[in-house]
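Presented below is the structure to which this report refers.
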Amino acid sequence: MTNYFTSKWSSLVSRAITQEQPTQTHRTDKHNSVLEQLRARGSSAFEHAASELPTDDPFRCLLTQKHRDLRDDILLRFLRFNDFDLDKTIRQLQSTLTWRAQTSISSTDLSVIRGSASGIPLARIGNTTENGDTLFFAAAECYDRSRIDRAVQKVGVARMFEHMLYDSGGPRAKRGTVVVDFSGFGTRHVDISGLRTGVATYMNYYPEVFEKVLLTNYPKLLYGVWKAIAPLLDAQTARRIIWAGNAEQLRDSLLETFSVKHIPTWLGGRSEVSSITLLNGIEVQASLLAKRFFRDKDQICINP
């Protein structure tokens with residue numbers, strides 16, 4: 001099976017990350033036309049691969065008239081990632097369906113990403129919004145490179161994306177916003193191999209999962225890591241990564257997507273979240289997070 005990440009690599013490394021290319025968030029008549037063509041060709045293009053999927057796999061919606069919103073969300077994510085090139089989109093979807101059938105990723109037990117072997121320091125915060133947005137929090141200092149099992153991590157990263165997009169909100173979950181806290185981050189947390197695994201899985205099988213990735217409390221060291229992974233990303237994906245230099249910038253960026261009822265108090269909202277249990281099993285107390293972001297009620301956003 002052709003690895004989509006490998007084929008896309010050669011074209012992306014030569015593309016400047018700062019290239020001006022508007023992110024396609026609104027559907028034009030042309031985009032609607034391509035989506036309609038993809039729907040029409042879908043039954044024949046995906047029938048064989050999709051029929052091999054487990055019965056609980058969300059991608060089976062490509063073969064039926066059920067869950068049309070979920071079907072269109074999936075098709076649009078892949079279309080946007082491929083700049084609405086119909087043939088490229090079909091090839092990537094076929095590759096994804098084959099991979100999903102071979103791995104049964106939708107049926108893989110969530111326990112594979114719990115514990116230190118996968119090393120995933122991420123947790124969902126609250127419920128999916130009415131618009132399909134889900135907020136996640138990641139604590140970089142809770143990642144221990146020395147305890148990673150690469151085989152477990154490879155499966156765990158894929159299961160993490162599956163969890164983010166489908167487990168966390170069912171058919172309503174369309175995209176995730178991740179706040180990555182780099183407090184306490186140092187060289188022992190740097191893992192280029194793990195980053196490459198994550199980027200490849202994202203680009204091959206879970207394109208357009210992220211609405212935003214908000215980086216905060218980051219050290220200068222992180223810029224070196226960024227230079228190592230930036231060439232792996234297309235320009236649209238790179239622009240989804242936002243460097244929030246302070247708590248106010250972080251809160252303002254979150255408020256572009258979420259109402260205050262979906263944002264925890266320590267990030268400037270109104271949701272009371274006392275603790276977070278990361279997927280690797282580590283529990284983070286809100287009292288600790290409050291010291292890193294909004295320390296008192298006067299700083300908390302009060303606008304509805």
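Labeling convention for the structure tokens: chains A, B, ... as they appear, residues from 1 per chain, ligands from 1 in order of appearance.
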Please identify every residue of stretch 17-112 of chain A that has at least one atom no farther than 12 Å from an atom of stretch 121-140 of chain A, counting only C-alpha atoms, and for each give the shortest atom pair and the distance in Å to one decimal, arranged by chain then increasing number, as CSV.
```
residue,atom,partner,partner_atom,distance
A:Asp69,CA,A:Gly132,CA,11.1
A:Leu70,CA,A:Gly132,CA,10.6
A:Asp73,CA,A:Gly132,CA,10.3
```
ask   = Just asking: which residues within stretch 118-258 of chain A are strand (DSSP E or B) according to DSSP, as a PyMOL selection string?
value = chain A and resi 122-125+133-139+175-181+210-216+241-244
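Considering only C-alpha atoms, the residue among A:Ser287, A:Thr257, A:Thr201, A:Ser33 positioned nearest to A:Arg175 is A:Thr257.
Shell of A:Leu214 at 8 Å, with only C-alpha atoms counted and residues fewer than 3 places along the chain excluded, is Thr177, Val178, Val179, Val180, Ile241, Ile242, Trp243, Ala244 and Leu250 of chain A.
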Residues near stretch 264-275 of chain A, cut-off 7 Å, only C-alpha atoms, skip fewer than 2 positions along chain, as a list in words =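 Listed by chain and then number, they are Arg251, Val260, Lys261, His262, Thr277, Glu283, Val284, Gln285, Ala286, Leu289, Ala290, Phe293, Phe294, Ile300 and Cys301 of chain A.
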Write out, as a short mmCIF file (atom, residue, chain, number, x, y, z; two decimals), in the first residue's frame, the residues just selected, with all heavy atoms.
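Saved file part03.cif follows:
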```
data_model
loop_
_atom_site.label_atom_id
_atom_site.label_comp_id
_atom_site.auth_asym_id
_atom_site.auth_seq_id
_atom_site.Cartn_x
_atom_site.Cartn_y
_atom_site.Cartn_z
N ARG A 251 -6.53 32.63 25.81
CA ARG A 251 -7.97 32.73 26.03
C ARG A 251 -8.68 33.32 24.82
O ARG A 251 -9.72 32.81 24.38
CB ARG A 251 -8.25 33.61 27.25
CG ARG A 251 -9.74 33.84 27.53
CD ARG A 251 -9.93 34.92 28.57
NE ARG A 251 -9.33 36.17 28.15
CZ ARG A 251 -9.09 37.20 28.96
NH1 ARG A 251 -9.37 37.10 30.23
NH2 ARG A 251 -8.55 38.31 28.50
N VAL A 260 -17.56 30.49 26.79
CA VAL A 260 -16.90 30.38 28.09
C VAL A 260 -17.36 29.15 28.86
O VAL A 260 -16.63 28.63 29.70
CB VAL A 260 -17.14 31.65 28.94
CG1 VAL A 260 -16.37 32.82 28.38
CG2 VAL A 260 -18.62 31.96 29.05
N LYS A 261 -18.56 28.64 28.57
CA LYS A 261 -19.05 27.47 29.30
C LYS A 261 -18.28 26.20 28.93
O LYS A 261 -18.33 25.21 29.66
CB LYS A 261 -20.54 27.26 29.05
CG LYS A 261 -20.89 26.81 27.64
CD LYS A 261 -22.39 26.60 27.49
CE LYS A 261 -22.76 26.12 26.09
NZ LYS A 261 -24.22 25.90 25.93
N HIS A 262 -17.56 26.23 27.81
CA HIS A 262 -16.77 25.07 27.39
C HIS A 262 -15.29 25.22 27.75
O HIS A 262 -14.51 24.29 27.51
CB HIS A 262 -16.89 24.86 25.87
CG HIS A 262 -18.24 24.40 25.43
ND1 HIS A 262 -19.14 25.23 24.78
CD2 HIS A 262 -18.87 23.21 25.57
CE1 HIS A 262 -20.24 24.56 24.52
NE2 HIS A 262 -20.11 23.33 24.98
N THR A 277 -7.25 13.73 33.92
CA THR A 277 -6.48 12.50 33.83
C THR A 277 -6.06 12.31 32.38
O THR A 277 -6.90 12.11 31.49
CB THR A 277 -7.29 11.29 34.30
OG1 THR A 277 -7.69 11.49 35.66
CG2 THR A 277 -6.44 10.02 34.22
N GLU A 283 -2.46 12.21 36.43
CA GLU A 283 -3.51 13.15 36.81
C GLU A 283 -2.90 14.53 37.08
O GLU A 283 -1.89 14.64 37.77
CB GLU A 283 -4.25 12.67 38.06
CG GLU A 283 -5.44 13.55 38.43
CD GLU A 283 -6.26 12.97 39.57
OE1 GLU A 283 -5.95 11.84 40.01
OE2 GLU A 283 -7.21 13.64 40.01
N VAL A 284 -3.51 15.55 36.52
CA VAL A 284 -3.04 16.92 36.69
C VAL A 284 -4.12 17.71 37.42
O VAL A 284 -5.29 17.72 37.00
CB VAL A 284 -2.74 17.59 35.33
CG1 VAL A 284 -2.21 19.00 35.53
CG2 VAL A 284 -1.75 16.75 34.53
N GLN A 285 -3.76 18.36 38.50
CA GLN A 285 -4.71 19.11 39.30
C GLN A 285 -4.93 20.51 38.74
O GLN A 285 -3.99 21.18 38.29
CB GLN A 285 -4.22 19.22 40.75
CG GLN A 285 -4.13 17.89 41.47
CD GLN A 285 -5.49 17.21 41.62
OE1 GLN A 285 -6.51 17.87 41.85
NE2 GLN A 285 -5.51 15.89 41.47
N ALA A 286 -6.17 20.96 38.79
CA ALA A 286 -6.51 22.29 38.29
C ALA A 286 -5.81 23.38 39.08
O ALA A 286 -5.48 24.44 38.54
CB ALA A 286 -8.02 22.50 38.34
N LEU A 289 -2.59 24.00 37.42
CA LEU A 289 -2.77 24.68 36.14
C LEU A 289 -3.14 26.14 36.33
O LEU A 289 -2.74 27.00 35.54
CB LEU A 289 -3.85 23.95 35.32
CG LEU A 289 -3.50 22.51 34.93
CD1 LEU A 289 -4.71 21.84 34.29
CD2 LEU A 289 -2.32 22.48 33.98
N ALA A 290 -3.90 26.43 37.37
CA ALA A 290 -4.29 27.81 37.64
C ALA A 290 -3.08 28.70 37.89
O ALA A 290 -3.07 29.88 37.54
CB ALA A 290 -5.24 27.86 38.83
N PHE A 293 -1.76 29.72 34.38
CA PHE A 293 -2.59 30.50 33.47
C PHE A 293 -3.27 31.63 34.23
O PHE A 293 -2.65 32.62 34.58
CB PHE A 293 -3.59 29.58 32.77
CG PHE A 293 -2.95 28.51 31.95
CD1 PHE A 293 -2.86 27.20 32.42
CD2 PHE A 293 -2.41 28.80 30.72
CE1 PHE A 293 -2.25 26.21 31.66
CE2 PHE A 293 -1.79 27.82 29.95
CZ PHE A 293 -1.71 26.53 30.43
N PHE A 294 -4.56 31.49 34.52
CA PHE A 294 -5.30 32.53 35.22
C PHE A 294 -5.34 32.22 36.71
O PHE A 294 -5.93 31.24 37.14
CB PHE A 294 -6.72 32.65 34.65
CG PHE A 294 -6.74 33.24 33.27
CD1 PHE A 294 -6.67 32.43 32.16
CD2 PHE A 294 -6.79 34.61 33.09
CE1 PHE A 294 -6.68 32.97 30.88
CE2 PHE A 294 -6.79 35.16 31.82
CZ PHE A 294 -6.73 34.34 30.71
N ILE A 300 -10.31 36.04 35.04
CA ILE A 300 -11.15 35.10 34.30
C ILE A 300 -12.13 35.86 33.41
O ILE A 300 -12.75 36.84 33.82
CB ILE A 300 -11.91 34.18 35.27
CG1 ILE A 300 -10.90 33.28 36.00
CG2 ILE A 300 -12.94 33.33 34.55
CD1 ILE A 300 -11.51 32.42 37.06
N CYS A 301 -12.28 35.37 32.18
CA CYS A 301 -13.21 35.99 31.25
C CYS A 301 -14.63 35.87 31.79
O CYS A 301 -15.06 34.81 32.21
CB CYS A 301 -13.11 35.28 29.89
SG CYS A 301 -14.31 35.84 28.70
#
```
